[in-house]
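Just upload05.pdb here, PDB, C-alpha atoms:
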```pdb
ATOM      1  CA  MET A1380     154.787 163.574 114.385  1.00  0.00           C
ATOM      2  CA  ILE A1381     153.974 160.504 112.352  1.00  0.00           C
ATOM      3  CA  HIS A1382     156.458 157.618 112.543  1.00  0.00           C
ATOM      4  CA  LYS A1383     157.906 156.426 109.227  1.00  0.00           C
ATOM      5  CA  LEU A1384     158.190 152.629 109.123  1.00  0.00           C
ATOM      6  CA  SER A1385     161.679 151.189 109.464  1.00  0.00           C
ATOM      7  CA  SER A1386     162.956 148.763 106.851  1.00  0.00           C
ATOM      8  CA  GLU A1387     162.127 145.816 109.143  1.00  0.00           C
ATOM      9  CA  GLU A1388     158.628 147.138 109.903  1.00  0.00           C
ATOM     10  CA  ARG A1389     157.963 147.750 106.194  1.00  0.00           C
ATOM     11  CA  THR A1390     159.024 144.210 105.293  1.00  0.00           C
ATOM     12  CA  ALA A1391     156.827 142.688 108.015  1.00  0.00           C
ATOM     13  CA  GLU A1392     153.785 144.805 107.067  1.00  0.00           C
ATOM     14  CA  LEU A1393     154.138 144.126 103.329  1.00  0.00           C
ATOM     15  CA  ALA A1394     154.220 140.387 104.047  1.00  0.00           C
ATOM     16  CA  ARG A1395     150.679 140.687 105.480  1.00  0.00           C
ATOM     17  CA  LEU A1396     149.340 142.517 102.421  1.00  0.00           C
ATOM     18  CA  HIS A1397     148.357 140.809  99.176  1.00  0.00           C
ATOM     19  CA  GLY A1398     149.349 142.243  95.809  1.00  0.00           C
ATOM     20  CA  TRP A1399     150.923 145.445  97.115  1.00  0.00           C
ATOM     21  CA  GLN A1400     154.414 146.184  95.823  1.00  0.00           C
ATOM     22  CA  PRO A1401     157.016 148.726  96.914  1.00  0.00           C
ATOM     23  CA  ALA A1402     157.171 151.737  94.589  1.00  0.00           C
ATOM     24  CA  THR A1403     160.391 151.863  92.614  1.00  0.00           C
ATOM     25  CA  ASP A1404     160.873 155.628  92.768  1.00  0.00           C
ATOM     26  CA  ARG A1405     160.111 156.427  96.442  1.00  0.00           C
ATOM     27  CA  ASP A1406     159.069 155.066  99.851  1.00  0.00           C
ATOM     28  CA  ALA A1407     155.498 154.017  98.994  1.00  0.00           C
ATOM     29  CA  ILE A1408     153.416 150.977  98.085  1.00  0.00           C
ATOM     30  CA  GLN A1409     151.369 150.474  94.924  1.00  0.00           C
ATOM     31  CA  ARG A1410     148.706 148.195  93.568  1.00  0.00           C
ATOM     32  CA  GLN A1411     146.558 148.042  90.445  1.00  0.00           C
ATOM     33  CA  PHE A1412     142.987 146.757  90.390  1.00  0.00           C
ATOM     34  CA  GLU A1413     140.823 145.761  87.455  1.00  0.00           C
ATOM     35  CA  PHE A1414     137.030 145.675  87.726  1.00  0.00           C
ATOM     36  CA  ALA A1415     134.223 144.496  85.456  1.00  0.00           C
ATOM     37  CA  ASP A1416     133.439 148.026  84.242  1.00  0.00           C
ATOM     38  CA  PHE A1417     133.740 151.734  85.023  1.00  0.00           C
ATOM     39  CA  ASN A1418     130.737 151.723  87.347  1.00  0.00           C
ATOM     40  CA  GLU A1419     132.311 149.078  89.565  1.00  0.00           C
ATOM     41  CA  ALA A1420     135.690 150.847  89.544  1.00  0.00           C
ATOM     42  CA  PHE A1421     134.076 154.161  90.475  1.00  0.00           C
ATOM     43  CA  GLY A1422     132.065 152.511  93.265  1.00  0.00           C
ATOM     44  CA  PHE A1423     135.300 151.067  94.644  1.00  0.00           C
ATOM     45  CA  MET A1424     136.969 154.492  94.500  1.00  0.00           C
ATOM     46  CA  THR A1425     134.012 156.038  96.311  1.00  0.00           C
ATOM     47  CA  ARG A1426     134.288 153.550  99.178  1.00  0.00           C
ATOM     48  CA  VAL A1427     138.031 154.176  99.461  1.00  0.00           C
ATOM     49  CA  ALA A1428     137.451 157.952  99.347  1.00  0.00           C
ATOM     50  CA  ILE A1429     134.972 157.792 102.247  1.00  0.00           C
ATOM     51  CA  LYS A1430     137.405 155.787 104.385  1.00  0.00           C
ATOM     52  CA  ALA A1431     140.326 158.012 103.393  1.00  0.00           C
ATOM     53  CA  GLN A1432     138.373 161.102 104.414  1.00  0.00           C
ATOM     54  CA  GLU A1433     137.541 159.509 107.787  1.00  0.00           C
ATOM     55  CA  MET A1434     141.249 158.776 108.278  1.00  0.00           C
ATOM     56  CA  ASP A1435     142.331 162.158 106.911  1.00  0.00           C
ATOM     57  CA  HIS A1436     144.727 160.163 104.741  1.00  0.00           C
ATOM     58  CA  HIS A1437     144.251 160.366 100.995  1.00  0.00           C
ATOM     59  CA  PRO A1438     145.666 158.015  98.361  1.00  0.00           C
ATOM     60  CA  GLU A1439     147.237 158.942  95.068  1.00  0.00           C
ATOM     61  CA  TRP A1440     145.329 157.192  92.322  1.00  0.00           C
ATOM     62  CA  PHE A1441     144.764 156.990  88.631  1.00  0.00           C
ATOM     63  CA  ASN A1442     141.649 155.623  86.928  1.00  0.00           C
ATOM     64  CA  VAL A1443     140.973 154.662  83.313  1.00  0.00           C
ATOM     65  CA  TYR A1444     137.634 152.926  82.671  1.00  0.00           C
ATOM     66  CA  ASN A1445     137.788 149.727  84.758  1.00  0.00           C
ATOM     67  CA  LYS A1446     141.360 150.047  86.068  1.00  0.00           C
ATOM     68  CA  VAL A1447     142.442 151.821  89.254  1.00  0.00           C
ATOM     69  CA  GLN A1448     146.073 152.289  90.262  1.00  0.00           C
ATOM     70  CA  ILE A1449     146.711 153.282  93.874  1.00  0.00           C
ATOM     71  CA  THR A1450     149.881 154.588  95.535  1.00  0.00           C
ATOM     72  CA  LEU A1451     150.011 154.943  99.314  1.00  0.00           C
ATOM     73  CA  SER A1452     152.577 157.065 101.148  1.00  0.00           C
ATOM     74  CA  THR A1453     152.396 159.579 103.987  1.00  0.00           C
ATOM     75  CA  HIS A1454     153.654 162.932 102.738  1.00  0.00           C
ATOM     76  CA  GLU A1455     154.265 164.455 106.170  1.00  0.00           C
ATOM     77  CA  ALA A1456     156.530 161.501 107.062  1.00  0.00           C
ATOM     78  CA  ASN A1457     158.044 161.392 103.571  1.00  0.00           C
ATOM     79  CA  GLY A1458     157.428 157.657 103.389  1.00  0.00           C
ATOM     80  CA  LEU A1459     155.404 154.647 104.411  1.00  0.00           C
ATOM     81  CA  THR A1460     153.576 154.685 107.780  1.00  0.00           C
ATOM     82  CA  LYS A1461     150.978 152.676 109.696  1.00  0.00           C
ATOM     83  CA  ARG A1462     148.316 154.909 108.101  1.00  0.00           C
ATOM     84  CA  ASP A1463     149.228 153.556 104.670  1.00  0.00           C
ATOM     85  CA  ILE A1464     149.120 149.991 105.925  1.00  0.00           C
ATOM     86  CA  GLU A1465     145.733 150.545 107.580  1.00  0.00           C
ATOM     87  CA  LEU A1466     144.267 151.981 104.372  1.00  0.00           C
ATOM     88  CA  ALA A1467     145.757 149.127 102.315  1.00  0.00           C
ATOM     89  CA  HIS A1468     144.106 146.576 104.641  1.00  0.00           C
ATOM     90  CA  PHE A1469     140.759 148.377 104.263  1.00  0.00           C
ATOM     91  CA  ILE A1470     141.156 148.312 100.471  1.00  0.00           C
ATOM     92  CA  GLU A1471     141.846 144.574 100.592  1.00  0.00           C
ATOM     93  CA  THR A1472     138.708 144.070 102.679  1.00  0.00           C
ATOM     94  CA  ILE A1473     136.424 145.827 100.217  1.00  0.00           C
ATOM     95  CA  THR A1474     137.920 144.157  97.148  1.00  0.00           C
ATOM     96  CA  ALA A1475     137.030 140.744  98.570  1.00  0.00           C
ATOM     97  CA  HIS A1476     133.425 141.509  97.522  1.00  0.00           C
ATOM     98  CA  THR A1477     132.098 143.128  94.384  1.00  0.00           C
ATOM     99  CA  GLN A1478     130.088 146.310  94.498  1.00  0.00           C
ATOM    100  CA  ARG A1479     127.078 144.139  93.661  1.00  0.00           C
ATOM    101  CA  GLY A1480     127.420 142.178  96.879  1.00  0.00           C
ATOM    102  CA  GLN A1481     128.634 138.943  95.317  1.00  0.00           C
ATOM    103  CA  TYR A1482     131.814 137.256  96.432  1.00  0.00           C
ATOM    104  CA  ALA A1483     134.615 137.633  93.944  1.00  0.00           C
ATOM    105  CA  GLU A1484     137.817 135.682  94.061  1.00  0.00           C
ATOM    106  CA  PHE A1485     140.780 137.723  92.912  1.00  0.00           C
ATOM    107  CA  VAL A1486     143.782 136.350  91.087  1.00  0.00           C
ATOM    108  CA  VAL A1487     146.916 138.430  91.414  1.00  0.00           C
ATOM    109  CA  LEU A1488     149.218 138.307  88.405  1.00  0.00           C
ATOM    110  CA  LYS A1489     152.185 140.679  88.245  1.00  0.00           C
ATOM    111  CA  GLY A1490     150.439 143.089  90.625  1.00  0.00           C
ATOM    112  CA  LEU A1491     147.229 143.113  88.578  1.00  0.00           C
ATOM    113  CA  CYS A1492     144.077 142.050  90.346  1.00  0.00           C
ATOM    114  CA  ARG A1493     141.553 140.549  87.940  1.00  0.00           C
ATOM    115  CA  GLN A1494     137.949 139.956  88.966  1.00  0.00           C
ATOM    116  CA  PRO A1495     135.904 137.310  87.153  1.00  0.00           C
ATOM    117  CA  ARG A1496     132.655 138.449  85.592  1.00  0.00           C
ATOM    118  CA  THR A1497     129.494 136.914  86.978  1.00  0.00           C
ATOM    119  CA  LYS A1498     125.888 137.113  85.850  1.00  0.00           C
ATOM    120  CA  THR A1499     124.234 139.783  87.898  1.00  0.00           C
ATOM    121  CA  PHE A1500     120.690 141.057  87.722  1.00  0.00           C
ATOM    122  CA  SER A1501     120.127 144.764  87.260  1.00  0.00           C
ATOM    123  CA  SER A1502     117.052 146.829  86.454  1.00  0.00           C
ATOM    124  CA  THR A1503     117.822 146.324  82.750  1.00  0.00           C
ATOM    125  CA  GLY A1504     118.186 142.544  82.987  1.00  0.00           C
ATOM    126  CA  TYR A1505     121.190 140.230  83.252  1.00  0.00           C
ATOM    127  CA  PHE A1506     124.613 141.399  82.188  1.00  0.00           C
TER     128      PHE A1506
END
```
Reformat the file's structure so that it appears as structure tokens.
Amino acid sequence: MIHKLSSEERTAELARLHGWQPATDRDAIQRQFEFADFNEAFGFMTRVAIKAQEMDHHPEWFNVYNKVQITLSTHEANGLTKRDIELAHFIETITAHTQRGQYAEFVVLKGLCRQPRTKTFSSTGYF
């Protein structure tokens, strides 16, 4: 059986995460990300999906164009577990770099992570 985090454990784990907030309607954590465009958002979701499949732990998410909202909770424990925290840390790791391999510094405002646009070369030129 998977161990649901106690209130003290949840508080300690959330303190080590950046931008994640407790869900208001249940025992879960949430975060919203904003990327330069749909392609970058979809690339991010693909990386998370691969890791989630490896962990056999799948996020709830919602995507519109360049925005991705993620909710993490372990259904079989009916709440937050170490699995959720591990996936959140992985997500933080991959959002420290853009899909194009350039370092991006994120500014968290009211739970929204905004990535600055940078000039990047593609096969069609600079954009």
Could you expand the PyMOL selection byres ((chain A and resi 1455) around 10) into the explicit residues it covers here, written as a ChimeraX atom specification?
/A:1380-1383,1452-1454,1456-1458,1460
Expand the PyMOL selection byres ((chain A and resi 1442) around 12) into the explicit residue set it covers here, and present it as JSON, numbers by chain.
{"A": [1411, 1412, 1413, 1414, 1416, 1417, 1418, 1419, 1420, 1421, 1422, 1423, 1424, 1439, 1440, 1441, 1443, 1444, 1445, 1446, 1447, 1448, 1449, 1450]}
Considering all atoms listed in the file, state which residue in the set A:Leu1393, A:Ile1473, A:Leu1466, A:Ile1408 is at the smallest distance from His1436 (chain A).
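Among the listed residues, A:Leu1466 lies closest to His1436 (chain A).
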Rounded to one decimal place, report the CA of Glu1387 (chain A)-CA of Gln1432 (chain A) distance in Å.
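Between CA of Glu1387 (chain A) and CA of Gln1432 (chain A) the gap is 28.6 Å.
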How big is the axis-aligned box around the listed atoms of region 1409-1417 of chain A once 8 Å is added on each side, and where is its centre? Give both in Å to one decimal, as JSON.
```
{"center_x": 142.4, "center_y": 148.1, "center_z": 89.6, "size_x": 33.9, "size_y": 23.2, "size_z": 26.7}
```
Selected residue of minimal separation from Pro1401 (chain A) among A:Glu1465, A:Leu1451, A:Glu1471, A:Glu1388, counting all atoms listed in the file:
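So, comparing all the options, the nearest one is A:Leu1451.
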Please expand the PyMOL selection byres ((chain A and resi 1434) around 12) into the concrete residues it hits in this file, giving the result as a PyMOL selection string.
chain A and resi 1427-1433+1435-1438+1453+1461-1463+1465-1466+1469
Counting all atoms listed in the file, which of A:Ala1415, A:Arg1405, A:Ile1464, A:Arg1426 gets nearest to Ala1391 (chain A)?
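Using all atoms listed in the file, the shortest distance to Ala1391 (chain A) belongs to A:Ile1464.
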Could you work out how far CA of His1468 (chain A) lies from CA of Asp1406 (chain A), giving the answer in Å with one decimal?
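Pair CA of Asp1406 (chain A) / CA of His1468 (chain A) returns 17.9 Å.
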